[in-house]
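Note: the block below is run06.txt and it holds compact mmCIF, C-alpha atoms and all ligand atoms.
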# COMPACT_ATOMS: atom_id res chain seq x y z
CA MET A 1 -58.81 -15.69 -3.43
CA LYS A 2 -61.54 -13.07 -3.47
CA VAL A 3 -60.30 -9.53 -3.87
CA SER A 4 -62.20 -6.94 -1.88
CA GLU A 5 -61.80 -3.18 -2.17
CA GLU A 6 -62.36 -2.98 1.61
CA THR A 7 -59.29 -5.11 2.38
CA ASN A 8 -56.04 -3.21 2.85
CA LEU A 9 -53.53 -4.17 0.21
CA TRP A 10 -50.63 -4.00 2.65
CA VAL A 11 -49.50 -5.25 6.03
CA GLU A 12 -46.57 -4.36 8.30
CA GLN A 13 -44.27 -7.26 9.06
CA ASP A 14 -41.19 -6.82 11.28
CA GLY A 15 -41.32 -3.07 10.67
CA GLN A 16 -41.38 -3.48 6.88
CA LEU A 17 -44.31 -2.64 4.63
CA MET A 18 -45.40 -5.71 2.69
CA LEU A 19 -47.78 -5.72 -0.28
CA ARG A 20 -50.62 -8.25 -0.17
CA GLY A 21 -50.29 -9.72 -3.63
CA VAL A 22 -51.21 -13.12 -5.00
CA ARG A 23 -49.35 -16.23 -6.16
CA CYS A 24 -50.92 -18.30 -8.91
CA GLY A 25 -51.18 -22.03 -8.14
CA ALA A 26 -51.24 -22.83 -11.87
CA CYS A 27 -48.20 -20.89 -13.16
CA ALA A 28 -46.48 -19.74 -9.90
CA SER A 29 -46.31 -16.09 -10.96
CA VAL A 30 -46.63 -13.46 -8.23
CA GLN A 31 -48.69 -10.33 -8.87
CA PHE A 32 -49.61 -7.03 -7.26
CA PRO A 33 -52.13 -5.56 -7.21
CA PRO A 34 -54.39 -8.65 -7.23
CA GLN A 35 -57.00 -8.62 -10.01
CA PRO A 36 -60.56 -9.86 -9.38
CA TYR A 37 -60.65 -11.80 -12.67
CA GLY A 38 -57.79 -14.16 -11.75
CA CYS A 39 -54.19 -14.64 -12.89
CA GLU A 40 -52.99 -11.94 -15.27
CA ALA A 41 -50.13 -14.17 -16.48
CA CYS A 42 -51.91 -17.41 -17.45
CA GLY A 43 -55.61 -16.59 -17.10
CA ALA A 44 -56.30 -19.10 -14.28
CA ALA A 45 -59.53 -18.46 -12.34
CA PRO A 46 -59.41 -16.56 -9.01
CA GLN A 47 -59.62 -19.77 -6.95
CA TYR A 48 -56.08 -20.65 -8.10
CA LEU A 49 -54.69 -17.55 -6.40
CA SER A 50 -53.42 -17.47 -2.84
CA GLU A 51 -52.01 -14.58 -0.87
CA ALA A 52 -48.32 -13.73 -1.28
CA LEU A 53 -46.60 -11.04 0.78
CA ILE A 54 -44.20 -8.98 -1.32
CA PRO A 55 -41.68 -6.47 0.06
CA ALA A 56 -42.78 -2.92 -0.85
CA ARG A 57 -39.31 -1.90 -1.94
CA GLY A 58 -37.36 -2.18 -5.15
CA THR A 59 -36.08 -0.53 -8.30
CA LEU A 60 -38.24 1.74 -10.41
CA HIS A 61 -38.51 -0.17 -13.71
CA THR A 62 -40.89 1.97 -15.74
CA LEU A 63 -43.52 4.64 -15.22
CA THR A 64 -46.37 6.32 -17.00
CA THR A 65 -48.79 9.17 -16.40
CA VAL A 66 -52.50 8.44 -16.17
CA HIS A 67 -54.70 11.17 -17.67
CA VAL A 68 -58.11 9.49 -17.46
CA ASP A 69 -59.49 7.54 -14.47
CA GLN A 70 -63.04 6.73 -13.40
CA LYS A 71 -62.42 7.45 -9.69
CA LEU A 72 -59.20 9.38 -9.07
CA THR A 73 -58.20 12.91 -9.96
CA THR A 74 -55.77 12.98 -12.85
CA PRO A 75 -53.02 13.26 -13.78
CA PHE A 76 -51.12 10.84 -11.54
CA ARG A 77 -48.23 8.49 -12.18
CA VAL A 78 -48.16 4.70 -12.06
CA ALA A 79 -44.94 2.74 -11.87
CA GLU A 80 -43.79 -0.81 -12.37
CA ILE A 81 -41.29 -1.74 -9.70
CA LYS A 82 -38.92 -4.71 -9.61
CA THR A 83 -38.91 -5.71 -5.97
CA GLU A 84 -35.97 -6.99 -3.97
CA ALA A 85 -37.56 -10.44 -4.33
CA ASP A 86 -37.37 -10.10 -8.18
CA GLN A 87 -41.10 -9.72 -8.65
CA PHE A 88 -42.74 -6.95 -10.64
CA VAL A 89 -45.48 -4.93 -8.96
CA ARG A 90 -47.47 -1.89 -10.04
CA GLY A 91 -48.35 1.06 -7.89
CA ARG A 92 -48.92 4.77 -7.74
CA LEU A 93 -45.78 6.89 -7.79
CA ASP A 94 -46.15 9.93 -5.56
CA ASP A 95 -42.95 11.86 -5.99
CA SER A 96 -41.62 13.77 -8.94
CA ASP A 97 -37.99 13.09 -7.94
CA ALA A 98 -38.27 9.34 -8.62
CA VAL A 99 -36.22 8.20 -11.62
CA VAL A 100 -36.09 4.95 -13.58
CA GLY A 101 -33.39 2.74 -12.05
CA GLY A 102 -33.69 4.44 -8.66
CA LEU A 103 -34.66 2.72 -5.41
CA VAL A 104 -38.26 3.26 -4.33
CA GLN A 105 -40.26 2.11 -1.34
CA GLY A 106 -43.93 1.90 -0.53
CA VAL A 107 -45.43 4.17 2.10
CA VAL A 108 -49.03 4.50 3.25
CA ARG A 109 -50.54 7.92 2.45
CA GLN A 110 -53.95 9.48 2.24
CA VAL A 111 -54.96 9.75 -1.42
CA GLU A 112 -58.26 11.54 -1.94
CA GLY A 113 -59.57 10.44 1.47
CA THR A 114 -58.42 6.81 1.32
CA GLU A 115 -55.24 5.26 2.72
CA ARG A 116 -53.23 3.74 -0.11
CA VAL A 117 -49.74 2.42 -0.70
CA VAL A 118 -47.79 4.84 -2.88
CA PHE A 119 -44.16 4.61 -3.96
CA VAL A 120 -41.58 7.30 -3.21
CA PRO A 121 -37.77 7.40 -3.52
CA ALA A 122 -36.30 5.10 -0.83
CA ASP A 123 -34.17 6.37 2.05
CA ALA A 124 -30.73 5.03 1.21
ZN ZN A 201 -51.14 -18.07 -13.49
Write out the structure in this file as structure tokens.
Amino acid sequence: MKVSEETNLWVEQDGQLMLRGVRCGACASVQFPPQPYGCEACGAAPQYLSEALIPARGTLHTLTTVHVDQKLTTPFRVAEIKTEADQFVRGRLDDSDAVVGGLVQGVVRQVEGTERVVFVPADA
């Protein structure tokens, strides 16, 4: 699967925001965001990856603050989220009230002029 920066990394399905991740045909791992160099688990080439829709909702597993980025204004926070489908995804965390172990959900927001999925504390 070719990863393009012009392609939205999400889709709405039955009213739920889904992340457009990838599933590796070699090792079966599911990943988000997709990386252009291939599978980040086993190193398989990009042609082994196919699209996998992942629910944009889960438990905040860990987070960190980014202080240096080539494109985006820093600092901002990035989180690893364990989704309801038991997959780990990474995304921007856009709310200071989010805590490790808490429920978070993806929402689409403008970030520096571009629509992106960001994670915020989930509504109950
Ligand atoms: Zn793999």
(request) Excluding Glu80 in chain A and residues on its chain fewer than 6 positions from it, collect all residues at most 9 Å away from it, counting all atoms listed in the file, and give them as an MDAnalysis selection string. (result) chainID A and resid 59:64 88:92
(request) List every protein, DNA or RNA residue with an atom no more than 12 Å from (-47.0, 13.4, 2.9) in the file's coordinates, counting only C-alpha atoms, and format the result as a ChimeraX atom specification. (result) /A:94-95,107-111,115-120
(message) Just want the 12 Å neighbourhood of Asn8 in chain A, counted on only C-alpha atoms, with same-chain residues fewer than 3 positions away dropped. Output as a list in words.
(response)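 Here the answer would be Val3, Ser4, Glu5, Val11, Glu12, Leu17, Met18, Leu19, Arg20, Gly21, Pro33, Pro34, Val108, Thr114, Glu115, Arg116 and Val117 of chain A.
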(message) Just want the 9 Å neighbourhood of Asp86 in chain A, counted on all atoms listed in the file, with same-chain residues fewer than 3 positions away dropped. Output as a list in words.
(response)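 The neighbour list is Gly58, Lys82 and Thr83 of chain A.
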Any chance you could tabulate, as JSON lines, the residues of chain A at most 10 Å from ligand ZN 201 (chain A) with each one's nearest atom pair and distance in Å to one decimal, using only C-alpha atoms and all ligand atoms, in chain and rising number order?
{"residue": "A:Val22", "atom": "CA", "partner": "A:ZN201", "partner_atom": "ZN", "distance": 9.8}
{"residue": "A:Arg23", "atom": "CA", "partner": "A:ZN201", "partner_atom": "ZN", "distance": 7.8}
{"residue": "A:Cys24", "atom": "CA", "partner": "A:ZN201", "partner_atom": "ZN", "distance": 4.6}
{"residue": "A:Gly25", "atom": "CA", "partner": "A:ZN201", "partner_atom": "ZN", "distance": 6.7}
{"residue": "A:Ala26", "atom": "CA", "partner": "A:ZN201", "partner_atom": "ZN", "distance": 5.0}
{"residue": "A:Cys27", "atom": "CA", "partner": "A:ZN201", "partner_atom": "ZN", "distance": 4.1}
{"residue": "A:Ala28", "atom": "CA", "partner": "A:ZN201", "partner_atom": "ZN", "distance": 6.1}
{"residue": "A:Ser29", "atom": "CA", "partner": "A:ZN201", "partner_atom": "ZN", "distance": 5.8}
{"residue": "A:Val30", "atom": "CA", "partner": "A:ZN201", "partner_atom": "ZN", "distance": 8.3}
{"residue": "A:Gln31", "atom": "CA", "partner": "A:ZN201", "partner_atom": "ZN", "distance": 9.3}
{"residue": "A:Gly38", "atom": "CA", "partner": "A:ZN201", "partner_atom": "ZN", "distance": 7.9}
{"residue": "A:Cys39", "atom": "CA", "partner": "A:ZN201", "partner_atom": "ZN", "distance": 4.6}
{"residue": "A:Glu40", "atom": "CA", "partner": "A:ZN201", "partner_atom": "ZN", "distance": 6.6}
{"residue": "A:Ala41", "atom": "CA", "partner": "A:ZN201", "partner_atom": "ZN", "distance": 5.0}
{"residue": "A:Cys42", "atom": "CA", "partner": "A:ZN201", "partner_atom": "ZN", "distance": 4.1}
{"residue": "A:Gly43", "atom": "CA", "partner": "A:ZN201", "partner_atom": "ZN", "distance": 5.9}
{"residue": "A:Ala44", "atom": "CA", "partner": "A:ZN201", "partner_atom": "ZN", "distance": 5.3}
{"residue": "A:Ala45", "atom": "CA", "partner": "A:ZN201", "partner_atom": "ZN", "distance": 8.5}
{"residue": "A:Pro46", "atom": "CA", "partner": "A:ZN201", "partner_atom": "ZN", "distance": 9.5}
{"residue": "A:Tyr48", "atom": "CA", "partner": "A:ZN201", "partner_atom": "ZN", "distance": 7.8}
{"residue": "A:Leu49", "atom": "CA", "partner": "A:ZN201", "partner_atom": "ZN", "distance": 7.9}
(request) Could you tell me how far CA of Gln70 in chain A lies from CA of Gln47 in chain A, in Å and to one decimal? (result)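 So the two atoms, CA of Gln70 in chain A and CA of Gln47 in chain A, lie 27.5 Å apart.
The two atoms in question, CA of Gly106 in chain A and CA of Ile81 in chain A, are spaced 10.2 Å apart.
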(request) Work out how far apart CA of Ala98 in chain A and CA of Ala79 in chain A are and give it in Å to one decimal. (result)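 Taking CA of Ala98 in chain A as the start and CA of Ala79 in chain A as the end point, the length is 9.9 Å.
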(message) Let me make sure I understand: among A:Val78, A:Leu9, A:Ala122, A:Ala56, which one has the smallest atom-to-atom distance to Gly101 in chain A if we use all atoms listed in the file?
(response)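 Under the stated criterion, the closest residue is A:Ala122.
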Residues within 8 Å of His67 in chain A, only C-alpha atoms, excluding chain neighbours under 3 positions, as a CSV table (one decimal) with C-alpha atoms, keeping the file's coordinate frame:
chain,number,residue,atom,x,y,z
A,74,THR,CA,-55.8,13.0,-12.8
A,75,PRO,CA,-53.0,13.3,-13.8
A,76,PHE,CA,-51.1,10.8,-11.5
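Within 10 Å of Ser96 in chain A, once all atoms listed in the file are used and residues closer than 3 positions along the same chain are dropped, the contacting residues are Arg77, Leu93, Val99, Val120 and Pro121 of chain A.
Proximity to Gln105 in chain A was assessed for A:Thr65, A:Pro55, A:Phe32, A:Tyr37 counting only C-alpha atoms; the smallest distance is recorded for A:Pro55.
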Write out as JSON an axis-aligned box for range 48-64 of chain A: all of its atoms listed in the file, 6 Å added on each side, centre and edge lengths in Å with one decimal.
{"center_x": -46.1, "center_y": -7.2, "center_z": -8.1, "size_x": 32.0, "size_y": 39.0, "size_z": 29.8}
Output range 94-106 of chain A with N, CA, C and O atoms present, as a JSON list (two decimals), keeping the file's coordinate frame.
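Okay, part-v1.json is ready:
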[["chain", "number", "residue", "atom", "x", "y", "z"],
["A", 94, "ASP", "N", -45.68, 8.67, -6.14],
["A", 94, "ASP", "CA", -46.15, 9.93, -5.56],
["A", 94, "ASP", "C", -45.04, 10.94, -5.35],
["A", 94, "ASP", "O", -45.12, 11.74, -4.44],
["A", 95, "ASP", "N", -44.03, 10.91, -6.19],
["A", 95, "ASP", "CA", -42.95, 11.86, -5.99],
["A", 95, "ASP", "C", -42.29, 12.15, -7.31],
["A", 95, "ASP", "O", -41.88, 11.25, -8.02],
["A", 96, "SER", "N", -42.16, 13.41, -7.63],
["A", 96, "SER", "CA", -41.62, 13.77, -8.94],
["A", 96, "SER", "C", -40.11, 13.57, -9.04],
["A", 96, "SER", "O", -39.55, 13.64, -10.12],
["A", 97, "ASP", "N", -39.43, 13.30, -7.90],
["A", 97, "ASP", "CA", -37.99, 13.09, -7.94],
["A", 97, "ASP", "C", -37.61, 11.65, -8.29],
["A", 97, "ASP", "O", -36.44, 11.35, -8.49],
["A", 98, "ALA", "N", -38.57, 10.74, -8.33],
["A", 98, "ALA", "CA", -38.27, 9.34, -8.62],
["A", 98, "ALA", "C", -37.80, 9.20, -10.07],
["A", 98, "ALA", "O", -38.35, 9.82, -10.97],
["A", 99, "VAL", "N", -36.75, 8.41, -10.28],
["A", 99, "VAL", "CA", -36.22, 8.20, -11.62],
["A", 99, "VAL", "C", -36.10, 6.70, -11.91],
["A", 99, "VAL", "O", -35.90, 5.91, -10.98],
["A", 100, "VAL", "N", -36.24, 6.34, -13.18],
["A", 100, "VAL", "CA", -36.09, 4.95, -13.58],
["A", 100, "VAL", "C", -34.70, 4.47, -13.17],
["A", 100, "VAL", "O", -33.72, 5.17, -13.38],
["A", 101, "GLY", "N", -34.65, 3.30, -12.54],
["A", 101, "GLY", "CA", -33.39, 2.74, -12.05],
["A", 101, "GLY", "C", -33.12, 3.09, -10.60],
["A", 101, "GLY", "O", -32.24, 2.51, -9.98],
["A", 102, "GLY", "N", -33.88, 4.05, -10.05],
["A", 102, "GLY", "CA", -33.69, 4.44, -8.66],
["A", 102, "GLY", "C", -34.43, 3.52, -7.70],
["A", 102, "GLY", "O", -35.37, 2.84, -8.08],
["A", 103, "LEU", "N", -33.99, 3.52, -6.44],
["A", 103, "LEU", "CA", -34.66, 2.72, -5.41],
["A", 103, "LEU", "C", -35.92, 3.44, -4.95],
["A", 103, "LEU", "O", -35.90, 4.65, -4.69],
["A", 104, "VAL", "N", -37.01, 2.71, -4.85],
["A", 104, "VAL", "CA", -38.26, 3.26, -4.33],
["A", 104, "VAL", "C", -38.80, 2.34, -3.26],
["A", 104, "VAL", "O", -38.48, 1.16, -3.20],
["A", 105, "GLN", "N", -39.64, 2.92, -2.38],
["A", 105, "GLN", "CA", -40.26, 2.11, -1.34],
["A", 105, "GLN", "C", -41.72, 2.54, -1.21],
["A", 105, "GLN", "O", -42.07, 3.68, -1.50],
["A", 106, "GLY", "N", -42.53, 1.60, -0.75],
["A", 106, "GLY", "CA", -43.93, 1.90, -0.53],
["A", 106, "GLY", "C", -44.13, 2.56, 0.82],
["A", 106, "GLY", "O", -43.47, 2.19, 1.79]]
